[in-house]
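Colleague: What follows is a single structure, and I will ask about it in a moment.
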Amino acid sequence: MNTLIQKLQSVKNSQELEEIRLEALGKKGIITQKFSELKSLQGEEKRQFAQEINTIKQEFESLYYLKKTQLQTQELQDALQNEKIDVSLFASRSHRSLGHPINYTKDRIIDYFMHLGYELCMGPLIEDDFHNFSALNLPEYHPARDMQDTFYFNDGMLLRTHTSPVQIRTMQAQTPPIKMICPGPTFRRDYDLTHTPMFHQVEGLVVDNGSQTSFANLKYTLQDFLRHIFGDVKVRFRSSFFPFTEPSAEVDISCVFCKGAGCRVCSNTGWLEILGCGVVDEYVFEAVGYHNVSGYAFGMGIERLAMLTCGVNDLRSFFETDLRVLEQF
Ligand code: PHE
């Protein structure tokens with residue numbers, strides 16, 4: 001017994017302590033065995049022996065708990081000492097950023113509309129003529145098709161030229177009321193300083209029964225959205241034409257660089273064109289078999305918004321995956 005106490009006094013860590021506990025009180029431990037010897041004793045002898053081993057057990061246990069607390073305190077101190085981080089040391093350089101400006105801008109747009117309860121929808125990049133054109137009131141030989149130089153496949157399929165076909169697909173798959181937003185890549189045969197063959201758009205569509213939606217709703221939504229993205233800017237609606245909306249408008253904001261005074265970016269007009277929108281044309285509802293509904297739609301180019309909000313002046317730098325550029329965001 002005395003050796004147990006001696007060992008206990010000289011333990012150096014929790015593991016050794018646990019070993020000694022098992023040596024004394026484990027299933028085959030010295031003290032446990034003493035208790036089993038009780039069975040073979042009788043009367044006074046048994047009572048005395050029991051008292052003895054209980055005293056021993058108590059003595060062992062109180063020393064054990066004392067040691068345990070001491071060791072735990074010591075081990076915590078050691079850990080705090082050894083795992084200390086020197087915040088004044090130089091950290092290794094990391095490559096974290098806000099992400100690609102296109103994704104970052106897209107997420108901001110989606111975030112705004114999802115907070116208003118819009119549903120996130122997706123559509124295929126390879127489209128048929130019906131969804132990309134005809135159902136959107138762009139029949140074959142319609143001159144407005146020239147606005148969108150299209151990549152065609154041999155079988156008549158095409159790379160979608162805008163995200164508007166997702167309006168058609170969403171209406172075909174659902175019944176009103178609809179409030180959807182669709183971001184994604186779009187393609188046109190265009191390549192110069194301000195155009196790339198692949199670019200990104202975000203489409204929005206709201207449809208409700210009867211005449212529950214109006215141009216006023218559209219105007220308020222877009223105005224609030226643009227101020228959310230660009231801060232304190234003026235917003236103006238300019239009448240325009242899209243085959244799938246009537247009336248249609250293009251939306252401008254006061255130039256974020258010159259505050260409307262006129263500069264190179266806004267071609268001295270003081271305004272920047274941001275998106276297209278309008279009240280959904282009756283023809284489009286007919287094409288998807290909707291009756292007695294009303295709605296509005298809008299579409300915008302993500303690159304343009306990203307260039308204006310992230311201060312990028314060359315569209316191509318978005319697609320060159322140059323880390324030196326991307327790291328700046
Ligand atoms: N699809 C149009 C474009 O690519 C934008 C738009 C969407 C206009 C919805 C009106 C309504 O230019």
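Following the order of the structure tokens, first chain is A, next is B, and so on, with residues numbered from 1 inside each chain and ligands from 1 in the order they appear.
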Counting only C-alpha atoms, what is within 12 Å of Gln33 in chain A, bar same-chain residues fewer than 3 positions away, as a list in words?
Modeller: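 With the cut-off at 12 Å, the set is Leu22, Glu23, Ala24, Leu25, Gly26, Lys27, Lys28, Gly29, Ile30, Ser36, Glu37, Leu38, Lys39, Ile53 and Lys57 of chain A.
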Colleague: Export, as a short mmCIF file (atom, residue, chain, number, x, y, z; two decimals), in the first residue's frame, the selected residues with all heavy atoms.
Modeller:
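Contents of selection.cif, as written:
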```
data_model
loop_
_atom_site.label_atom_id
_atom_site.label_comp_id
_atom_site.auth_asym_id
_atom_site.auth_seq_id
_atom_site.Cartn_x
_atom_site.Cartn_y
_atom_site.Cartn_z
N LEU A 22 -5.75 2.48 -11.84
CA LEU A 22 -6.16 1.12 -12.21
C LEU A 22 -5.45 0.08 -11.36
O LEU A 22 -6.04 -0.91 -10.94
CB LEU A 22 -5.86 0.88 -13.70
CG LEU A 22 -6.76 1.64 -14.66
CD1 LEU A 22 -6.29 1.47 -16.10
CD2 LEU A 22 -8.22 1.19 -14.52
N GLU A 23 -4.16 0.33 -11.06
CA GLU A 23 -3.37 -0.59 -10.23
C GLU A 23 -4.01 -0.74 -8.85
O GLU A 23 -3.99 -1.82 -8.26
CB GLU A 23 -1.96 -0.02 -10.07
CG GLU A 23 -0.89 -1.06 -9.80
CD GLU A 23 0.49 -0.42 -9.72
OE1 GLU A 23 0.83 0.40 -10.62
OE2 GLU A 23 1.20 -0.69 -8.75
N ALA A 24 -4.63 0.33 -8.37
CA ALA A 24 -5.23 0.28 -7.03
C ALA A 24 -6.70 -0.12 -7.06
O ALA A 24 -7.13 -1.02 -6.34
CB ALA A 24 -5.08 1.66 -6.36
N LEU A 25 -7.47 0.56 -7.93
CA LEU A 25 -8.93 0.41 -7.86
C LEU A 25 -9.56 -0.25 -9.07
O LEU A 25 -10.77 -0.40 -9.14
CB LEU A 25 -9.58 1.79 -7.64
CG LEU A 25 -9.18 2.50 -6.33
CD1 LEU A 25 -9.64 3.95 -6.37
CD2 LEU A 25 -9.78 1.79 -5.13
N GLY A 26 -8.74 -0.61 -10.07
CA GLY A 26 -9.28 -1.30 -11.25
C GLY A 26 -9.86 -2.66 -10.85
O GLY A 26 -9.79 -3.06 -9.70
N LYS A 27 -10.40 -3.40 -11.82
CA LYS A 27 -11.03 -4.70 -11.54
C LYS A 27 -10.12 -5.64 -10.77
O LYS A 27 -10.53 -6.37 -9.88
CB LYS A 27 -11.42 -5.36 -12.86
CG LYS A 27 -12.92 -5.33 -13.09
CD LYS A 27 -13.25 -6.18 -14.29
CE LYS A 27 -14.69 -5.90 -14.71
NZ LYS A 27 -14.91 -6.21 -16.11
N LYS A 28 -8.80 -5.62 -11.21
CA LYS A 28 -7.83 -6.50 -10.53
C LYS A 28 -6.90 -5.70 -9.64
O LYS A 28 -5.81 -6.16 -9.29
CB LYS A 28 -7.03 -7.28 -11.58
CG LYS A 28 -7.89 -8.29 -12.31
CD LYS A 28 -7.06 -9.23 -13.15
CE LYS A 28 -7.96 -10.24 -13.84
NZ LYS A 28 -7.69 -10.37 -15.28
N GLY A 29 -7.31 -4.50 -9.27
CA GLY A 29 -6.47 -3.60 -8.48
C GLY A 29 -6.24 -4.13 -7.06
O GLY A 29 -7.01 -4.96 -6.57
N ILE A 30 -5.15 -3.63 -6.47
CA ILE A 30 -4.76 -4.12 -5.15
C ILE A 30 -5.87 -3.90 -4.12
O ILE A 30 -6.23 -4.80 -3.36
CB ILE A 30 -3.47 -3.40 -4.68
CG1 ILE A 30 -2.35 -3.70 -5.69
CG2 ILE A 30 -3.08 -3.84 -3.28
CD1 ILE A 30 -1.08 -2.92 -5.45
N SER A 36 -12.31 -8.20 -1.92
CA SER A 36 -12.86 -9.54 -2.17
C SER A 36 -12.40 -10.55 -1.14
O SER A 36 -13.03 -11.58 -0.93
CB SER A 36 -12.52 -9.98 -3.61
OG SER A 36 -11.12 -10.05 -3.74
N GLU A 37 -11.27 -10.23 -0.50
CA GLU A 37 -10.80 -11.13 0.58
C GLU A 37 -11.77 -11.14 1.76
O GLU A 37 -11.79 -12.07 2.57
CB GLU A 37 -9.41 -10.71 1.09
CG GLU A 37 -8.28 -11.14 0.18
CD GLU A 37 -6.95 -10.47 0.55
OE1 GLU A 37 -6.76 -10.12 1.73
OE2 GLU A 37 -6.13 -10.29 -0.37
N LEU A 38 -12.60 -10.09 1.87
CA LEU A 38 -13.54 -9.96 3.00
C LEU A 38 -14.47 -11.16 3.12
O LEU A 38 -14.85 -11.55 4.22
CB LEU A 38 -14.41 -8.71 2.82
CG LEU A 38 -13.87 -7.38 3.34
CD1 LEU A 38 -14.85 -6.28 3.04
CD2 LEU A 38 -13.62 -7.46 4.85
N LYS A 39 -14.80 -11.73 1.94
CA LYS A 39 -15.76 -12.83 1.91
C LYS A 39 -15.37 -13.98 2.84
O LYS A 39 -16.21 -14.61 3.47
CB LYS A 39 -15.88 -13.37 0.47
CG LYS A 39 -16.85 -12.56 -0.37
CD LYS A 39 -17.00 -13.19 -1.74
CE LYS A 39 -15.75 -12.85 -2.53
NZ LYS A 39 -15.71 -13.11 -3.91
N ILE A 53 -9.33 -1.48 5.23
CA ILE A 53 -9.20 -1.21 3.81
C ILE A 53 -9.99 0.02 3.39
O ILE A 53 -9.62 0.74 2.46
CB ILE A 53 -9.56 -2.42 2.90
CG1 ILE A 53 -10.85 -3.07 3.35
CG2 ILE A 53 -8.43 -3.41 2.82
CD1 ILE A 53 -11.24 -4.25 2.46
N LYS A 57 -8.47 3.02 1.29
CA LYS A 57 -9.10 3.47 0.05
C LYS A 57 -9.32 4.99 0.11
O LYS A 57 -9.02 5.72 -0.84
CB LYS A 57 -10.45 2.76 -0.13
CG LYS A 57 -11.09 3.07 -1.47
CD LYS A 57 -12.34 2.23 -1.68
CE LYS A 57 -12.99 2.64 -2.98
NZ LYS A 57 -14.42 2.88 -2.81
#
```
Colleague: Select from range 168-240 of chain A every residue with an atom at most 12 Å from any atom of range 284-297 of chain A, then for each give the shortest pair of atoms and their distance in Å to one decimal, using only C-alpha atoms, rows by chain and rising number, as CSV.
Modeller:
```
residue,atom,partner,partner_atom,distance
A:Ile168,CA,A:Val288,CA,6.8
A:Arg169,CA,A:Val288,CA,8.7
A:Thr170,CA,A:Val288,CA,9.7
A:Met171,CA,A:Val288,CA,6.6
A:Gln172,CA,A:Val288,CA,5.8
A:Ala173,CA,A:Val288,CA,9.6
A:Gln174,CA,A:Val288,CA,10.4
A:Thr175,CA,A:Tyr290,CA,8.5
A:Pro176,CA,A:Val293,CA,7.9
A:Pro177,CA,A:Val293,CA,9.0
A:Ile178,CA,A:Gly295,CA,8.9
A:Lys179,CA,A:Gly295,CA,9.5
A:Met180,CA,A:Ala297,CA,9.6
A:Ile181,CA,A:Ala297,CA,9.6
A:Cys182,CA,A:Ala297,CA,11.2
A:Val202,CA,A:Ala297,CA,10.7
A:Glu203,CA,A:Ala297,CA,7.3
A:Gly204,CA,A:Ala297,CA,5.4
A:Leu205,CA,A:Ala297,CA,4.4
A:Val206,CA,A:Gly295,CA,5.2
A:Val207,CA,A:Gly295,CA,4.1
A:Asp208,CA,A:Ser294,CA,5.7
A:Asn209,CA,A:Val293,CA,4.4
A:Gly210,CA,A:Val293,CA,4.6
A:Ser211,CA,A:Ser294,CA,5.3
A:Gln212,CA,A:Ser294,CA,6.7
A:Thr213,CA,A:Gly295,CA,5.7
A:Ser214,CA,A:Gly295,CA,7.0
A:Phe215,CA,A:Tyr296,CA,7.2
A:Ala216,CA,A:Tyr296,CA,10.1
A:Asn217,CA,A:Tyr296,CA,8.6
A:Leu218,CA,A:Tyr296,CA,6.6
A:Lys219,CA,A:Tyr296,CA,9.9
A:Thr221,CA,A:Tyr296,CA,10.7
A:Leu222,CA,A:Ala297,CA,10.5
```
Colleague: List the neighbours of Tyr220 in chain A out to 12 Å using only C-alpha atoms; skip same-chain residues closer than 6 positions along the sequence, and give me the result as number ranges by chain.
Modeller: A: 213-214, 226-227, 235-237
Colleague: Check every protein, DNA and RNA residue against ligand 1, keep those with an atom at most 10 Å away (counting only C-alpha atoms and all ligand atoms), and present them as an NGL selection string.
Modeller: :A and (132 or 136 or 147-148 or 160-165 or 167 or 186 or 200-205 or 240-250 or 275-281 or 296-301)
Colleague: Using DSSP assignments from the backbone, pull out every residue in range 106-273 of chain A that falls under strand (DSSP E or B) and give it to me as a PyMOL selection string.
Modeller: chain A and resi 119-120+126-127+152+158-159+178-187+192+195+198-209+235-242+245-254+271-273
Colleague: I'd like the contact shell of Met157 in chain A - 10 Å cut-off, only C-alpha atoms, skipping same-chain residues fewer than 5 positions apart - returned as a list in words.
Modeller: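 With the cut-off at 10 Å, the set is Ile126, Glu127, Asp128, Asp129, Phe130, Asn132, Phe151 and Tyr152 of chain A.
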Colleague: I'd like to know which residues of range 6-250 of chain A are alpha helix (DSSP H) (by DSSP, run on the backbone); could you write them as a ChimeraX atom specification?
Modeller: /A:6-9,14-25,30-37,43-82,101-115,129-132,165-173,215-230
Colleague: Which residue, A:Arg145, A:His100, A:Arg189, A:Lys7, has the smallest gap to Glu320 in chain A when you use only C-alpha atoms?
Modeller: A:His100
Colleague: Nearest to Arg21 in chain A: which of A:Lys34, A:His195, A:Lys68, A:Lys46 is it, counting only C-alpha atoms?
Modeller: A:Lys68
